[in-house]
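Asker: Contents of work31.cif (mmCIF, C-alpha atoms and all ligand atoms):
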data_model
#
loop_
_atom_site.group_PDB
_atom_site.id
_atom_site.type_symbol
_atom_site.label_atom_id
_atom_site.label_comp_id
_atom_site.auth_asym_id
_atom_site.auth_seq_id
_atom_site.Cartn_x
_atom_site.Cartn_y
_atom_site.Cartn_z
ATOM 1 C CA MET R 1 21.161 -3.304 10.449
ATOM 2 C CA THR R 2 20.647 -1.249 7.301
ATOM 3 C CA ILE R 3 18.083 1.540 7.108
ATOM 4 C CA LEU R 4 15.934 -0.758 5.008
ATOM 5 C CA ASP R 5 15.970 -3.393 7.774
ATOM 6 C CA LYS R 6 14.959 -0.736 10.305
ATOM 7 C CA ILE R 7 12.129 0.487 8.086
ATOM 8 C CA ILE R 8 10.787 -3.059 7.719
ATOM 9 C CA VAL R 9 10.845 -3.623 11.488
ATOM 10 C CA GLU R 10 8.813 -0.445 12.016
ATOM 11 C CA THR R 11 6.502 -1.312 9.129
ATOM 12 C CA ARG R 12 5.651 -4.667 10.714
ATOM 13 C CA LYS R 13 4.835 -2.902 13.999
ATOM 14 C CA THR R 14 2.564 -0.473 12.165
ATOM 15 C CA ILE R 15 0.781 -3.337 10.389
ATOM 16 C CA ALA R 16 0.177 -5.174 13.689
ATOM 17 C CA HIS R 17 -1.193 -1.977 15.196
ATOM 18 C CA ASP R 18 -3.420 -1.235 12.188
ATOM 19 C CA LYS R 19 -4.747 -4.804 12.114
ATOM 20 C CA ALA R 20 -5.696 -4.513 15.779
ATOM 21 C CA ASN R 21 -7.701 -1.368 14.996
ATOM 22 C CA ARG R 22 -9.345 -2.587 11.836
ATOM 23 C CA PRO R 23 -9.602 -6.286 11.019
ATOM 24 C CA GLU R 24 -8.731 -7.513 7.551
ATOM 25 C CA SER R 25 -12.331 -8.651 7.008
ATOM 26 C CA ASP R 26 -13.510 -5.094 7.502
ATOM 27 C CA LEU R 27 -11.210 -3.820 4.754
ATOM 28 C CA GLU R 28 -12.301 -6.706 2.517
ATOM 29 C CA SER R 29 -15.922 -5.604 2.739
ATOM 30 C CA ALA R 30 -14.960 -1.967 2.252
ATOM 31 C CA ILE R 31 -13.175 -2.653 -1.041
ATOM 32 C CA ALA R 32 -15.896 -4.961 -2.360
ATOM 33 C CA GLY R 33 -18.116 -2.034 -3.290
ATOM 34 C CA LEU R 34 -15.453 0.185 -4.852
ATOM 35 C CA PRO R 35 -15.390 1.149 -8.517
ATOM 36 C CA PRO R 36 -12.589 -0.446 -10.578
ATOM 37 C CA CYS R 37 -9.081 1.028 -10.437
ATOM 38 C CA ARG R 38 -7.768 3.445 -13.027
ATOM 39 C CA ASP R 39 -5.264 2.007 -15.490
ATOM 40 C CA PHE R 40 -1.867 3.124 -14.178
ATOM 41 C CA HIS R 41 0.043 1.258 -16.888
ATOM 42 C CA ALA R 42 -2.024 2.732 -19.721
ATOM 43 C CA ALA R 43 -1.436 6.260 -18.414
ATOM 44 C CA LEU R 44 2.318 5.702 -18.746
ATOM 45 C CA ALA R 45 2.246 3.743 -21.985
ATOM 46 C CA CYS R 46 0.488 6.411 -24.018
ATOM 47 C CA GLY R 47 1.436 9.830 -25.277
ATOM 48 C CA GLY R 48 4.766 11.638 -25.249
ATOM 49 C CA LEU R 49 8.291 10.382 -25.012
ATOM 50 C CA VAL R 50 8.640 9.961 -21.248
ATOM 51 C CA GLN R 51 5.714 10.080 -18.829
ATOM 52 C CA LEU R 52 5.965 11.444 -15.307
ATOM 53 C CA ILE R 53 4.920 9.847 -12.044
ATOM 54 C CA ALA R 54 5.222 12.822 -9.699
ATOM 55 C CA GLU R 55 5.666 12.022 -6.031
ATOM 56 C CA VAL R 56 4.077 13.669 -3.005
ATOM 57 C CA LYS R 57 7.022 13.363 -0.607
ATOM 58 C CA ARG R 58 7.310 15.356 2.576
ATOM 59 C CA ALA R 59 10.513 13.932 4.017
ATOM 60 C CA SER R 60 12.952 11.067 3.598
ATOM 61 C CA PRO R 61 15.650 9.393 5.702
ATOM 62 C CA SER R 62 18.340 10.734 3.378
ATOM 63 C CA ALA R 63 17.037 14.301 2.938
ATOM 64 C CA GLY R 64 15.168 14.929 6.206
ATOM 65 C CA LEU R 65 12.244 17.342 5.892
ATOM 66 C CA ILE R 66 12.001 18.279 2.207
ATOM 67 C CA ARG R 67 9.249 20.876 2.384
ATOM 68 C CA ASP R 68 7.768 22.977 5.198
ATOM 69 C CA ASP R 69 4.564 24.223 3.568
ATOM 70 C CA PHE R 70 3.181 20.804 2.817
ATOM 71 C CA ASN R 71 -0.314 20.449 1.384
ATOM 72 C CA PRO R 72 -0.587 17.098 -0.431
ATOM 73 C CA VAL R 73 -3.759 18.031 -2.315
ATOM 74 C CA GLN R 74 -2.377 21.309 -3.643
ATOM 75 C CA ILE R 75 0.876 19.630 -4.623
ATOM 76 C CA ALA R 76 -0.919 16.829 -6.473
ATOM 77 C CA GLU R 77 -3.138 19.348 -8.276
ATOM 78 C CA GLN R 78 -0.079 21.320 -9.389
ATOM 79 C CA TYR R 79 1.589 18.140 -10.652
ATOM 80 C CA VAL R 80 -1.484 17.205 -12.673
ATOM 81 C CA THR R 81 -1.991 20.706 -14.089
ATOM 82 C CA ALA R 82 1.620 20.687 -15.254
ATOM 83 C CA GLY R 83 1.226 17.355 -17.039
ATOM 84 C CA ALA R 84 2.065 14.485 -14.666
ATOM 85 C CA ALA R 85 0.490 11.239 -15.922
ATOM 86 C CA CYS R 86 0.269 9.621 -12.482
ATOM 87 C CA ILE R 87 0.867 10.580 -8.853
ATOM 88 C CA SER R 88 2.806 8.640 -6.234
ATOM 89 C CA VAL R 89 1.922 9.258 -2.592
ATOM 90 C CA LEU R 90 4.346 8.195 0.122
ATOM 91 C CA THR R 91 2.329 6.718 2.959
ATOM 92 C CA ASP R 92 5.111 5.580 5.321
ATOM 93 C CA GLU R 93 4.861 7.680 8.480
ATOM 94 C CA PRO R 94 7.943 6.999 10.632
ATOM 95 C CA PHE R 95 10.600 7.610 7.988
ATOM 96 C CA PHE R 96 8.926 9.638 5.229
ATOM 97 C CA LYS R 97 6.302 11.598 7.217
ATOM 98 C CA GLY R 98 3.674 10.301 4.850
ATOM 99 C CA SER R 99 0.136 9.107 5.547
ATOM 100 C CA LEU R 100 -2.632 6.992 4.068
ATOM 101 C CA ASP R 101 -4.824 10.029 4.650
ATOM 102 C CA TYR R 102 -2.746 11.945 2.094
ATOM 103 C CA LEU R 103 -3.542 9.230 -0.419
ATOM 104 C CA ARG R 104 -7.249 9.504 0.425
ATOM 105 C CA ASP R 105 -7.204 13.282 0.133
ATOM 106 C CA VAL R 106 -5.313 13.211 -3.169
ATOM 107 C CA ARG R 107 -7.764 10.600 -4.518
ATOM 108 C CA ARG R 108 -10.661 12.976 -3.926
ATOM 109 C CA ALA R 109 -8.846 15.861 -5.606
ATOM 110 C CA VAL R 110 -7.363 14.466 -8.827
ATOM 111 C CA ASP R 111 -8.437 11.985 -11.458
ATOM 112 C CA VAL R 112 -5.091 10.492 -12.590
ATOM 113 C CA PRO R 113 -3.968 7.013 -11.453
ATOM 114 C CA LEU R 114 -2.315 6.870 -8.013
ATOM 115 C CA LEU R 115 0.497 4.760 -6.587
ATOM 116 C CA ARG R 116 0.732 3.783 -2.927
ATOM 117 C CA LYS R 117 4.421 4.213 -2.152
ATOM 118 C CA ASP R 118 5.337 2.276 0.959
ATOM 119 C CA PHE R 119 7.239 -0.742 2.153
ATOM 120 C CA ILE R 120 4.669 -3.399 1.402
ATOM 121 C CA VAL R 121 5.302 -6.754 3.065
ATOM 122 C CA ASP R 122 1.756 -7.855 3.894
ATOM 123 C CA ARG R 123 -1.509 -8.273 1.993
ATOM 124 C CA TYR R 124 -3.170 -6.031 4.567
ATOM 125 C CA GLN R 125 -1.271 -3.037 3.156
ATOM 126 C CA LEU R 126 -2.626 -3.812 -0.315
ATOM 127 C CA LEU R 127 -6.163 -3.758 1.063
ATOM 128 C CA GLN R 128 -5.402 -0.426 2.730
ATOM 129 C CA ALA R 129 -4.023 0.900 -0.555
ATOM 130 C CA ARG R 130 -7.101 -0.161 -2.499
ATOM 131 C CA GLU R 131 -9.444 1.227 0.131
ATOM 132 C CA ALA R 132 -7.652 4.590 0.222
ATOM 133 C CA GLY R 133 -7.967 4.958 -3.549
ATOM 134 C CA ALA R 134 -4.683 3.682 -4.976
ATOM 135 C CA ASP R 135 -4.636 2.132 -8.445
ATOM 136 C CA CYS R 136 -1.174 0.657 -8.174
ATOM 137 C CA ALA R 137 1.030 -0.547 -5.306
ATOM 138 C CA LEU R 138 4.802 -0.437 -5.132
ATOM 139 C CA LEU R 139 6.587 -3.671 -4.304
ATOM 140 C CA ILE R 140 10.307 -3.530 -3.554
ATOM 141 C CA ALA R 141 12.381 -6.547 -4.557
ATOM 142 C CA GLU R 142 15.025 -5.768 -1.917
ATOM 143 C CA CYS R 143 12.374 -6.170 0.818
ATOM 144 C CA LEU R 144 10.787 -9.435 -0.356
ATOM 145 C CA SER R 145 11.735 -12.979 -1.321
ATOM 146 C CA ALA R 146 10.955 -14.206 -4.843
ATOM 147 C CA ASP R 147 7.978 -16.155 -3.444
ATOM 148 C CA GLU R 148 6.665 -13.167 -1.514
ATOM 149 C CA LEU R 149 6.933 -11.010 -4.637
ATOM 150 C CA VAL R 150 4.793 -13.411 -6.648
ATOM 151 C CA LYS R 151 2.289 -13.789 -3.820
ATOM 152 C CA LEU R 152 1.858 -10.062 -3.175
ATOM 153 C CA HIS R 153 1.727 -9.286 -6.892
ATOM 154 C CA ASP R 154 -1.031 -11.886 -7.399
ATOM 155 C CA GLU R 155 -2.924 -10.651 -4.359
ATOM 156 C CA ALA R 156 -2.734 -7.066 -5.595
ATOM 157 C CA VAL R 157 -4.048 -8.059 -9.016
ATOM 158 C CA ALA R 158 -6.880 -10.030 -7.408
ATOM 159 C CA MET R 159 -7.956 -6.795 -5.693
ATOM 160 C CA GLY R 160 -7.884 -4.916 -8.991
ATOM 161 C CA LEU R 161 -4.589 -3.153 -8.283
ATOM 162 C CA GLN R 162 -1.604 -3.067 -10.600
ATOM 163 C CA THR R 163 1.908 -3.328 -9.199
ATOM 164 C CA LEU R 164 5.061 -1.402 -9.923
ATOM 165 C CA ILE R 165 7.869 -3.703 -8.867
ATOM 166 C CA GLU R 166 11.086 -1.923 -8.088
ATOM 167 C CA LEU R 167 14.591 -3.230 -7.831
ATOM 168 C CA PHE R 168 18.038 -1.850 -7.287
ATOM 169 C CA GLU R 169 20.141 -5.014 -7.255
ATOM 170 C CA PRO R 170 20.602 -6.591 -10.695
ATOM 171 C CA SER R 171 20.493 -10.001 -8.982
ATOM 172 C CA ASN R 172 16.799 -9.403 -8.180
ATOM 173 C CA LEU R 173 15.766 -8.925 -11.802
ATOM 174 C CA ASP R 174 14.775 -12.534 -12.463
ATOM 175 C CA ALA R 175 12.490 -12.581 -9.432
ATOM 176 C CA VAL R 176 10.844 -9.335 -10.553
ATOM 177 C CA LEU R 177 10.269 -10.553 -14.115
ATOM 178 C CA ALA R 178 8.928 -13.893 -12.858
ATOM 179 C CA THR R 179 5.942 -12.126 -11.245
ATOM 180 C CA GLY R 180 4.734 -11.142 -14.711
ATOM 181 C CA THR R 181 4.347 -7.490 -13.720
ATOM 182 C CA PRO R 182 4.232 -5.220 -16.768
ATOM 183 C CA LEU R 183 5.710 -2.326 -14.747
ATOM 184 C CA VAL R 184 9.342 -2.581 -13.669
ATOM 185 C CA GLY R 185 10.975 0.227 -11.689
ATOM 186 C CA ILE R 186 14.705 0.663 -11.512
ATOM 187 C CA ASN R 187 15.637 2.546 -8.380
ATOM 188 C CA ASN R 188 18.719 4.682 -8.904
ATOM 189 C CA ARG R 189 19.060 4.990 -5.136
ATOM 190 C CA ASP R 190 20.929 2.300 -3.309
ATOM 191 C CA LEU R 191 18.669 2.076 -0.238
ATOM 192 C CA LYS R 192 21.683 0.874 1.755
ATOM 193 C CA THR R 193 23.812 3.973 1.090
ATOM 194 C CA PHE R 194 21.256 6.504 -0.344
ATOM 195 C CA HIS R 195 23.630 7.240 -3.208
ATOM 196 C CA THR R 196 21.792 7.929 -6.516
ATOM 197 C CA ASP R 197 23.097 7.493 -10.053
ATOM 198 C CA ILE R 198 20.777 7.695 -13.066
ATOM 199 C CA GLU R 199 23.237 5.676 -15.124
ATOM 200 C CA HIS R 200 22.021 2.739 -13.055
ATOM 201 C CA THR R 201 18.635 2.819 -14.836
ATOM 202 C CA ILE R 202 20.343 3.194 -18.207
ATOM 203 C CA ARG R 203 22.543 0.146 -17.599
ATOM 204 C CA MET R 204 19.724 -1.979 -16.200
ATOM 205 C CA ARG R 205 17.301 -1.016 -18.982
ATOM 206 C CA GLU R 206 19.225 -3.193 -21.416
ATOM 207 C CA LEU R 207 18.588 -6.283 -19.304
ATOM 208 C CA ILE R 208 14.801 -5.903 -19.322
ATOM 209 C CA PRO R 209 12.636 -7.481 -22.053
ATOM 210 C CA GLY R 210 10.818 -5.058 -24.342
ATOM 211 C CA ASP R 211 7.359 -6.175 -23.209
ATOM 212 C CA ARG R 212 7.874 -4.542 -19.790
ATOM 213 C CA LEU R 213 7.433 -0.832 -19.224
ATOM 214 C CA VAL R 214 10.498 0.529 -17.438
ATOM 215 C CA VAL R 215 10.225 3.320 -14.875
ATOM 216 C CA GLY R 216 13.394 5.178 -13.872
ATOM 217 C CA GLU R 217 13.234 6.167 -10.200
ATOM 218 C CA SER R 218 15.054 8.573 -7.888
ATOM 219 C CA GLY R 219 17.696 11.246 -8.295
ATOM 220 C CA ILE R 220 16.124 12.617 -11.505
ATOM 221 C CA ARG R 221 16.419 16.413 -11.509
ATOM 222 C CA THR R 222 16.417 17.996 -14.952
ATOM 223 C CA HIS R 223 14.795 17.858 -18.342
ATOM 224 C CA ASP R 224 18.139 16.636 -19.683
ATOM 225 C CA ASP R 225 18.025 13.693 -17.253
ATOM 226 C CA LEU R 226 14.566 12.837 -18.556
ATOM 227 C CA ILE R 227 15.661 13.019 -22.197
ATOM 228 C CA ARG R 228 18.714 10.893 -21.507
ATOM 229 C CA LEU R 229 16.556 8.223 -19.899
ATOM 230 C CA GLY R 230 14.012 8.411 -22.711
ATOM 231 C CA LYS R 231 16.719 7.824 -25.314
ATOM 232 C CA ALA R 232 17.760 4.718 -23.396
ATOM 233 C CA GLY R 233 14.218 3.302 -23.709
ATOM 234 C CA VAL R 234 12.830 4.355 -20.336
ATOM 235 C CA LYS R 235 9.106 5.060 -20.699
ATOM 236 C CA ALA R 236 8.438 6.838 -17.407
ATOM 237 C CA VAL R 237 10.221 8.518 -14.529
ATOM 238 C CA LEU R 238 9.344 8.752 -10.843
ATOM 239 C CA VAL R 239 10.405 12.098 -9.406
ATOM 240 C CA GLY R 240 9.910 13.482 -5.900
ATOM 241 C CA GLU R 241 12.561 15.486 -4.130
ATOM 242 C CA SER R 242 13.777 17.722 -6.953
ATOM 243 C CA LEU R 243 10.193 18.918 -7.600
ATOM 244 C CA MET R 244 9.187 19.119 -3.933
ATOM 245 C CA ARG R 245 12.119 21.438 -3.190
ATOM 246 C CA LYS R 246 11.125 24.079 -5.761
ATOM 247 C CA PRO R 247 9.057 27.057 -4.526
ATOM 248 C CA ASP R 248 6.747 26.794 -7.558
ATOM 249 C CA ILE R 249 6.020 23.107 -7.997
ATOM 250 C CA GLU R 250 3.817 23.568 -11.054
ATOM 251 C CA GLN R 251 6.473 25.567 -12.877
ATOM 252 C CA ALA R 252 9.205 23.095 -11.865
ATOM 253 C CA THR R 253 7.121 20.208 -13.209
ATOM 254 C CA ARG R 254 6.628 22.017 -16.517
ATOM 255 C CA GLU R 255 10.358 22.635 -16.761
ATOM 256 C CA LEU R 256 11.147 18.995 -16.050
ATOM 257 C CA LEU R 257 8.776 17.847 -18.791
ATOM 258 C CA GLY R 258 9.745 20.597 -21.233
ATOM 259 C CA ASP R 259 8.179 20.161 -24.648
ATOM 260 C CA ASN R 260 8.102 16.397 -24.077
ATOM 261 C CA ARG R 261 4.299 16.190 -24.291
HETATM 262 O O1 LIG T 301 12.881 11.916 -4.448
HETATM 263 P P1 LIG T 301 13.497 11.288 -5.652
HETATM 264 O O2 LIG T 301 14.984 11.152 -5.580
HETATM 265 O O3 LIG T 301 13.047 11.968 -6.906
HETATM 266 O O4 LIG T 301 12.924 9.781 -5.718
HETATM 267 C C1 LIG T 301 11.553 9.506 -5.856
HETATM 268 C C2 LIG T 301 11.312 8.007 -5.613
HETATM 269 O O5 LIG T 301 11.983 7.300 -6.601
HETATM 270 C C3 LIG T 301 11.784 7.591 -4.214
HETATM 271 O O6 LIG T 301 11.021 8.295 -3.291
HETATM 272 C C4 LIG T 301 11.674 6.103 -3.964
HETATM 273 C C5 LIG T 301 11.885 5.110 -4.861
HETATM 274 N N1 LIG T 301 11.689 3.905 -4.300
HETATM 275 C C6 LIG T 301 11.340 4.083 -3.016
HETATM 276 C C7 LIG T 301 10.995 3.132 -2.053
HETATM 277 C C8 LIG T 301 10.616 3.612 -0.823
HETATM 278 C C9 LIG T 301 10.602 4.960 -0.528
HETATM 279 C C10 LIG T 301 10.955 5.907 -1.484
HETATM 280 C C11 LIG T 301 11.306 5.471 -2.745
#
What would the structure in this file look like if it were written as structure tokens?
Answerer:
Amino acid sequence: MTILDKIIVETRKTIAHDKANRPESDLESAIAGLPPCRDFHAALACGGLVQLIAEVKRASPSAGLIRDDFNPVQIAEQYVTAGAACISVLTDEPFFKGSLDYLRDVRRAVDVPLLRKDFIVDRYQLLQAREAGADCALLIAECLSADELVKLHDEAVAMGLQTLIELFEPSNLDAVLATGTPLVGINNRDLKTFHTDIEHTIRMRELIPGDRLVVGESGIRTHDDLIRLGKAGVKAVLVGESLMRKPDIEQATRELLGDNR
């Protein structure tokens, strides 16, 4: 069993537990009265050379605990002050020490579009995302069949959410493109081995039609990395660990972006 398989097993347990506490119909009514989502795609499509989705990430299976003094609201505020276009909030609890409450708290504190970063396999999680204030939901091609990808993408859109669909395996590209999502993420981390290589995004970029906005994800550390990806046609980057490890997150975010504003 790979780590990804283990995460999905736990995720399904969490969903069953959450559904028992709060029925789907309850979430449906809760989202009915919400204002429309912010435009995640537009925030990345405009402005400078490469836009930043900065991630609130407390821990990960590969890195363990990334940061001791963890205050999601303060971190998100620092990201935004330093120029992040969007914020990603990890909500998986067992493996990433995240929480839907972090997403809620960040929603109250900042005005930029937010991504729910989790292992989404069920419509219920999309409802939770929308209710907690997300504007976009991550879908991972390695966790879902081609049919499930289409179904969850359509369900997300019906709720007013956008989707960022991520893949690592080149063989999943057709399934991702077939959903019609305008936002395609290339994960540089092989979730089976945790190894990251930013060349992976650069190679995969060439295979993706120009009408999709490509997000380079994982293992991005420096301004040079960002520039290299930008030159290869990558419009946005998703960065967590390298920023979360720095004592001064705001300063680190400025350094990553450089004069790329
Ligand atoms: O912390 P990094 O290496 O900067 O990576 C951020 C983000 O790409 C990573 O957290 C991620 C990408 N896809 C995921 C899917 C699930 C959990 C986590 C992820």
Asker: Chain R near ligand LIG 301 (chain T) within 8 Å: what's each residue's closest atom pair and its distance in Å to one decimal, counting all atoms listed in the file, ordered by chain then ascending residue number, as a tab-separated table?
Answerer:
residue	atom	partner	partner_atom	distance
R:Glu55	CA	T:LIG301	C1	6.4
R:Lys57	CA	T:LIG301	O6	7.0
R:Ser60	CA	T:LIG301	C10	7.5
R:Leu90	CA	T:LIG301	C9	7.1
R:Phe96	CA	T:LIG301	C9	7.6
R:Lys117	CA	T:LIG301	C8	6.4
R:Asp118	CA	T:LIG301	C8	5.7
R:Phe119	CA	T:LIG301	C8	6.3
R:Leu138	CA	T:LIG301	C7	7.8
R:Ile140	CA	T:LIG301	C7	6.9
R:Glu166	CA	T:LIG301	N1	7.0
R:Asn187	CA	T:LIG301	C5	5.7
R:Asn188	CA	T:LIG301	O5	7.6
R:Arg189	CA	T:LIG301	C5	7.2
R:Leu191	CA	T:LIG301	C7	8.0
R:Thr196	CA	T:LIG301	O2	7.6
R:Gly216	CA	T:LIG301	O5	7.7
R:Glu217	CA	T:LIG301	O5	4.0
R:Ser218	CA	T:LIG301	O4	3.3
R:Gly219	CA	T:LIG301	O2	3.8
R:Ile220	CA	T:LIG301	O3	5.6
R:Arg221	CA	T:LIG301	O3	7.2
R:Leu238	CA	T:LIG301	O5	5.2
R:Val239	CA	T:LIG301	O3	3.6
R:Gly240	CA	T:LIG301	O3	3.6
R:Glu241	CA	T:LIG301	O1	3.6
R:Ser242	CA	T:LIG301	O3	5.8
R:Leu243	CA	T:LIG301	O3	7.5
Asker: Write the selection just made, keeping C-alpha atoms, as a compact mmCIF listing (two decimals), in the frame of the given file?
Answerer:
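Dumped to out.txt:
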# COMPACT_ATOMS: atom_id res chain seq x y z
CA GLU R 55 5.67 12.02 -6.03
CA LYS R 57 7.02 13.36 -0.61
CA SER R 60 12.95 11.07 3.60
CA LEU R 90 4.35 8.20 0.12
CA PHE R 96 8.93 9.64 5.23
CA LYS R 117 4.42 4.21 -2.15
CA ASP R 118 5.34 2.28 0.96
CA PHE R 119 7.24 -0.74 2.15
CA LEU R 138 4.80 -0.44 -5.13
CA ILE R 140 10.31 -3.53 -3.55
CA GLU R 166 11.09 -1.92 -8.09
CA ASN R 187 15.64 2.55 -8.38
CA ASN R 188 18.72 4.68 -8.90
CA ARG R 189 19.06 4.99 -5.14
CA LEU R 191 18.67 2.08 -0.24
CA THR R 196 21.79 7.93 -6.52
CA GLY R 216 13.39 5.18 -13.87
CA GLU R 217 13.23 6.17 -10.20
CA SER R 218 15.05 8.57 -7.89
CA GLY R 219 17.70 11.25 -8.30
CA ILE R 220 16.12 12.62 -11.50
CA ARG R 221 16.42 16.41 -11.51
CA LEU R 238 9.34 8.75 -10.84
CA VAL R 239 10.40 12.10 -9.41
CA GLY R 240 9.91 13.48 -5.90
CA GLU R 241 12.56 15.49 -4.13
CA SER R 242 13.78 17.72 -6.95
CA LEU R 243 10.19 18.92 -7.60
Asker: Could you please determine the separation between atom CA of Ala252 of chain R and atom CA of Leu44 of chain R in Å, to one decimal place?
Answerer: 19.9 Å
Asker: Taking (12.9, -8.4, -20.9) as a centre in this file's frame and 12 Å as the limit, can you find every polymer residue with an atom that close, using only C-alpha atoms, and give them as an mmCIF file with C-alpha atoms, in the coordinates of the input?
Answerer:
data_model
loop_
_atom_site.group_PDB
_atom_site.id
_atom_site.type_symbol
_atom_site.label_atom_id
_atom_site.label_comp_id
_atom_site.auth_asym_id
_atom_site.auth_seq_id
_atom_site.Cartn_x
_atom_site.Cartn_y
_atom_site.Cartn_z
ATOM 1 C CA LEU R 173 15.766 -8.925 -11.802
ATOM 2 C CA ASP R 174 14.775 -12.534 -12.463
ATOM 3 C CA VAL R 176 10.844 -9.335 -10.553
ATOM 4 C CA LEU R 177 10.269 -10.553 -14.115
ATOM 5 C CA ALA R 178 8.928 -13.893 -12.858
ATOM 6 C CA GLY R 180 4.734 -11.142 -14.711
ATOM 7 C CA THR R 181 4.347 -7.490 -13.720
ATOM 8 C CA PRO R 182 4.232 -5.220 -16.768
ATOM 9 C CA LEU R 183 5.710 -2.326 -14.747
ATOM 10 C CA VAL R 184 9.342 -2.581 -13.669
ATOM 11 C CA MET R 204 19.724 -1.979 -16.200
ATOM 12 C CA ARG R 205 17.301 -1.016 -18.982
ATOM 13 C CA GLU R 206 19.225 -3.193 -21.416
ATOM 14 C CA LEU R 207 18.588 -6.283 -19.304
ATOM 15 C CA ILE R 208 14.801 -5.903 -19.322
ATOM 16 C CA PRO R 209 12.636 -7.481 -22.053
ATOM 17 C CA GLY R 210 10.818 -5.058 -24.342
ATOM 18 C CA ASP R 211 7.359 -6.175 -23.209
ATOM 19 C CA ARG R 212 7.874 -4.542 -19.790
ATOM 20 C CA LEU R 213 7.433 -0.832 -19.224
ATOM 21 C CA VAL R 214 10.498 0.529 -17.438
#
Asker: Where does the PyMOL selection byres (((chain R and resi 37) around 10) and not hetatm) land in this file, that is, which residues does it pick, as a ChimeraX atom specification?
Answerer: /R:34-36,38-40,113-114,130,133-136,159-162
Asker: Please provide as a PyMOL selection string all residues within 12 Å of Asp68 of chain R, with the sequence filter that same-chain residues fewer than 5 positions apart are discarded (counting all atoms listed in the file).
Answerer: chain R and resi 57-59+97+244-247
Asker: Pull C-alpha atoms from the residues just selected and write them as a short mmCIF file (atom, residue, chain, number, x, y, z; two decimals), keeping the file's coordinate frame.
Answerer:
data_model
loop_
_atom_site.label_atom_id
_atom_site.label_comp_id
_atom_site.auth_asym_id
_atom_site.auth_seq_id
_atom_site.Cartn_x
_atom_site.Cartn_y
_atom_site.Cartn_z
CA LYS R 57 7.02 13.36 -0.61
CA ARG R 58 7.31 15.36 2.58
CA ALA R 59 10.51 13.93 4.02
CA LYS R 97 6.30 11.60 7.22
CA MET R 244 9.19 19.12 -3.93
CA ARG R 245 12.12 21.44 -3.19
CA LYS R 246 11.12 24.08 -5.76
CA PRO R 247 9.06 27.06 -4.53
#
Asker: Tell me which of R:Tyr124, R:Gly83, R:Ile198, R:Asp190 sits closest to Ala20 of chain R, counting only C-alpha atoms.
Answerer: R:Tyr124
Asker: Please rebuild segment 144-156 of chain R with N, CA and C atoms and give the result as a JSON list (two decimals), keeping the file's coordinate frame.
Answerer:
[["chain", "number", "residue", "atom", "x", "y", "z"],
["R", 144, "LEU", "N", 11.64, -8.25, -0.26],
["R", 144, "LEU", "CA", 10.79, -9.44, -0.36],
["R", 144, "LEU", "C", 11.52, -10.59, -1.03],
["R", 145, "SER", "N", 11.18, -11.81, -0.63],
["R", 145, "SER", "CA", 11.74, -12.98, -1.32],
["R", 145, "SER", "C", 11.03, -13.12, -2.67],
["R", 146, "ALA", "N", 11.58, -13.98, -3.53],
["R", 146, "ALA", "CA", 10.96, -14.21, -4.84],
["R", 146, "ALA", "C", 9.52, -14.72, -4.66],
["R", 147, "ASP", "N", 9.32, -15.61, -3.69],
["R", 147, "ASP", "CA", 7.98, -16.16, -3.44],
["R", 147, "ASP", "C", 7.02, -15.08, -2.94],
["R", 148, "GLU", "N", 7.52, -14.24, -2.04],
["R", 148, "GLU", "CA", 6.66, -13.17, -1.51],
["R", 148, "GLU", "C", 6.28, -12.18, -2.62],
["R", 149, "LEU", "N", 7.22, -11.92, -3.52],
["R", 149, "LEU", "CA", 6.93, -11.01, -4.64],
["R", 149, "LEU", "C", 5.78, -11.53, -5.47],
["R", 150, "VAL", "N", 5.85, -12.80, -5.83],
["R", 150, "VAL", "CA", 4.79, -13.41, -6.65],
["R", 150, "VAL", "C", 3.46, -13.35, -5.90],
["R", 151, "LYS", "N", 3.51, -13.72, -4.62],
["R", 151, "LYS", "CA", 2.29, -13.79, -3.82],
["R", 151, "LYS", "C", 1.64, -12.40, -3.70],
["R", 152, "LEU", "N", 2.43, -11.40, -3.35],
["R", 152, "LEU", "CA", 1.86, -10.06, -3.18],
["R", 152, "LEU", "C", 1.39, -9.49, -4.51],
["R", 153, "HIS", "N", 2.16, -9.76, -5.57],
["R", 153, "HIS", "CA", 1.73, -9.29, -6.89],
["R", 153, "HIS", "C", 0.36, -9.89, -7.25],
["R", 154, "ASP", "N", 0.23, -11.21, -7.06],
["R", 154, "ASP", "CA", -1.03, -11.89, -7.40],
["R", 154, "ASP", "C", -2.17, -11.37, -6.53],
["R", 155, "GLU", "N", -1.88, -11.14, -5.26],
["R", 155, "GLU", "CA", -2.92, -10.65, -4.36],
["R", 155, "GLU", "C", -3.38, -9.24, -4.76],
["R", 156, "ALA", "N", -2.40, -8.43, -5.15],
["R", 156, "ALA", "CA", -2.73, -7.07, -5.60],
["R", 156, "ALA", "C", -3.65, -7.13, -6.82]]
